[in-house]
Amino acid sequence: MNILLVGGNGFGKVHAETYRRLGFDFSVYDRNDQVLNLYRKDYGIRGTYSDLTEALSGNSDIVDIVLPHNLHYEVAMKALEAGKHVLIEKPITGRIDEAIKLINQSKRRNLKFMVAEQFFFDPSFKRAMEAIENGKIGSIRTIIVRDQQRYDAPGWRSRRSEMMGGSLIDGGVHFLELFLDFGGEWKDISCHNYKGGTSLEGEDNTAALFTFRNGAYGIFYYSWSYQDPPRLPAYEVIGTDGSIYEMAGSSLMKPDEIRTVLNPPVLNGTMLNVEWKDVYESEIGGFIESVEKDIDVPYPPENALRNLDVVLEMYKR
């Protein structure tokens with residue numbers, strides 16, 4: 001399996017480390033020669049490219065794209081047109097029409113296309129969804145999803161044109177994955193996006209109220225401008241017969257060698273046992289398996305399209 005990593009800096013290094021843990025060789029494109037030298041030295045990578053056209057014309061089976069959001073559509077479409085399977089970091093793009101074109105192109109070419117959304121693979125979230133689907137809290141009435149942190153985004157993440165928005169379309173989209181999976185289809189949104197004091201050109205705070213079609217109500221809050229954030233549950237789901245939430249800080253955490261994003265769920269006052277798995281290995285390894293076995297990708301691109309659609313709706317309000 002020949003893999004091309006497009007964008008080796010920043011979060012690209014998380015992808016690179018995952019390939020190393022999974023035992024896959026890969027080549028890498030980056031416009032910064034210092035980054036390429038790091039891969040030559042630390043990873044022993046022989047296939048390094050500073051020209052994207054040359055990189056995409058190579059013999060890669062998979063192109064893994066970790067670039068600024070405004071470059072997602074152009075590079076992913078070029079890769080698909082070149083007959084490559086595509087894994088792309090969230091968000092899928094910043095425009096609905098572009099996202100639909102990418103999904104349709106992958107289907108026409110019979111190529112695998114997946115957005116990298118590690119929260120979908122988190123064992124705590126999976127366990128919470130299982131409990132809810134098994135009726136452990138009855139009918140859902142309230143969903144609270146939040147994340148507050150201090151992040152003065154450096155480089156392209158501070159620029160609205162490259163982000164195609166602000167913090168919501170970048171980090172917030174992860175938490176919308178949880179929120180919308182818990183809540184299902186929505187029918188009304190009241191939302192405020194605003195500045196709280198970071199270096200971002202776009203918003204660094206989002207506060208929203210949702211009404212879901214199943215009768216539940218949702219509270220969503222995402223912030224990059226919180227100076228000294230407390231540790232609070234990322235999700236709380238309250239039903240007619242109970243509740244489930246993410247444990248906020250505990251000595252009973254996942255093993256240090258396991259890379260996840262959430263802590264264990266607490267169901268009706270009892271912490272649930274979780275089979276911990278590395279979310280990046282599940283995500284990237286699952287995509288590679290879909291290519292090798294010609295099966296469906298583990299994270300449906302339609303989820304990423306849904307998430308982008310909600311982000312854009314929230315930006316309108």
# chains A, B, ... in the order shown; residues from 1 in each chain; ligands from 1

call {"tool": "select_by_dssp", "arguments": {"residues": "segment 22-211 of chain A", "states": "strand (DSSP E or B)", "output": "number ranges by chain"}}
result
A: 27-29, 48-49, 62-65, 85-89, 113-116, 140-148, 150, 186-194, 205-211

call {"tool": "closest_atom_pairs", "arguments": {"of": "segment 175-231 of chain A", "to": "segment 143-164 of chain A", "cutoff": "8 Å", "atoms": "only C-alpha atoms", "output": "CSV"}}
result
residue,atom,partner,partner_atom,distance
A:Phe175,CA,A:Val145,CA,6.8
A:Leu176,CA,A:Val145,CA,8.0
A:Leu178,CA,A:Val145,CA,7.6
A:Phe179,CA,A:Val145,CA,6.1
A:Phe182,CA,A:Ile143,CA,7.4
A:Gly183,CA,A:Ile143,CA,7.0
A:Thr198,CA,A:Asp152,CA,5.3
A:Ser199,CA,A:Asp152,CA,5.5
A:Leu200,CA,A:Ser158,CA,4.3
A:Glu201,CA,A:Arg160,CA,5.4
A:Gly202,CA,A:Arg160,CA,5.2
A:Ala216,CA,A:Ile143,CA,7.4
A:Tyr217,CA,A:Ile143,CA,6.3
A:Gly218,CA,A:Ile143,CA,4.6
A:Ile219,CA,A:Ile144,CA,4.8
A:Phe220,CA,A:Val145,CA,5.1
A:Tyr221,CA,A:Arg146,CA,4.7
A:Tyr222,CA,A:Asp147,CA,5.0
A:Ser223,CA,A:Gln148,CA,4.6
A:Trp224,CA,A:Arg150,CA,4.8
A:Ser225,CA,A:Arg150,CA,4.9
A:Tyr226,CA,A:Arg150,CA,5.0
A:Gln227,CA,A:Arg150,CA,5.5
A:Asp228,CA,A:Arg150,CA,7.3
A:Pro229,CA,A:Gln149,CA,5.7

call {"tool": "residues_around", "arguments": {"residues": "Ile3 of chain A", "least_positions_apart": "2", "cutoff": "7 Å", "atoms": "only C-alpha atoms", "output": "JSON, numbers by chain"}}
result
{"A": [1, 5, 26, 27, 60, 61, 62, 63]}

call {"tool": "decode", "arguments": {"residues": "segment 192-203 of chain A", "atoms": "N, CA and C atoms", "output": "CSV table (one decimal), in the first residue's frame"}}
result
chain,number,residue,atom,x,y,z
A,192,HIS,N,-25.0,32.2,18.3
A,192,HIS,CA,-24.2,33.4,18.3
A,192,HIS,C,-22.7,33.1,18.2
A,193,ASN,N,-22.1,33.7,17.2
A,193,ASN,CA,-20.6,33.5,17.0
A,193,ASN,C,-20.0,34.8,17.3
A,194,TYR,N,-18.9,34.9,18.1
A,194,TYR,CA,-18.4,36.2,18.5
A,194,TYR,C,-16.9,36.0,18.9
A,195,LYS,N,-16.3,37.2,19.1
A,195,LYS,CA,-14.9,37.3,19.4
A,195,LYS,C,-14.8,37.4,21.0
A,196,GLY,N,-13.8,36.6,21.5
A,196,GLY,CA,-13.5,36.7,22.9
A,196,GLY,C,-12.1,37.1,23.3
A,197,GLY,N,-11.3,37.5,22.3
A,197,GLY,CA,-10.0,38.0,22.7
A,197,GLY,C,-8.8,37.3,22.2
A,198,THR,N,-8.9,36.3,21.3
A,198,THR,CA,-7.7,35.6,20.8
A,198,THR,C,-7.2,36.3,19.5
A,199,SER,N,-6.2,35.7,18.9
A,199,SER,CA,-5.6,36.3,17.7
A,199,SER,C,-6.4,35.9,16.4
A,200,LEU,N,-7.4,35.1,16.6
A,200,LEU,CA,-8.2,34.7,15.4
A,200,LEU,C,-8.9,35.9,14.7
A,201,GLU,N,-8.8,35.9,13.4
A,201,GLU,CA,-9.6,36.8,12.6
A,201,GLU,C,-11.1,36.5,12.6
A,202,GLY,N,-11.4,35.2,12.7
A,202,GLY,CA,-12.8,34.7,12.8
A,202,GLY,C,-13.2,34.6,14.2
A,203,GLU,N,-14.4,34.0,14.4
A,203,GLU,CA,-14.9,33.9,15.8
A,203,GLU,C,-14.0,32.9,16.6
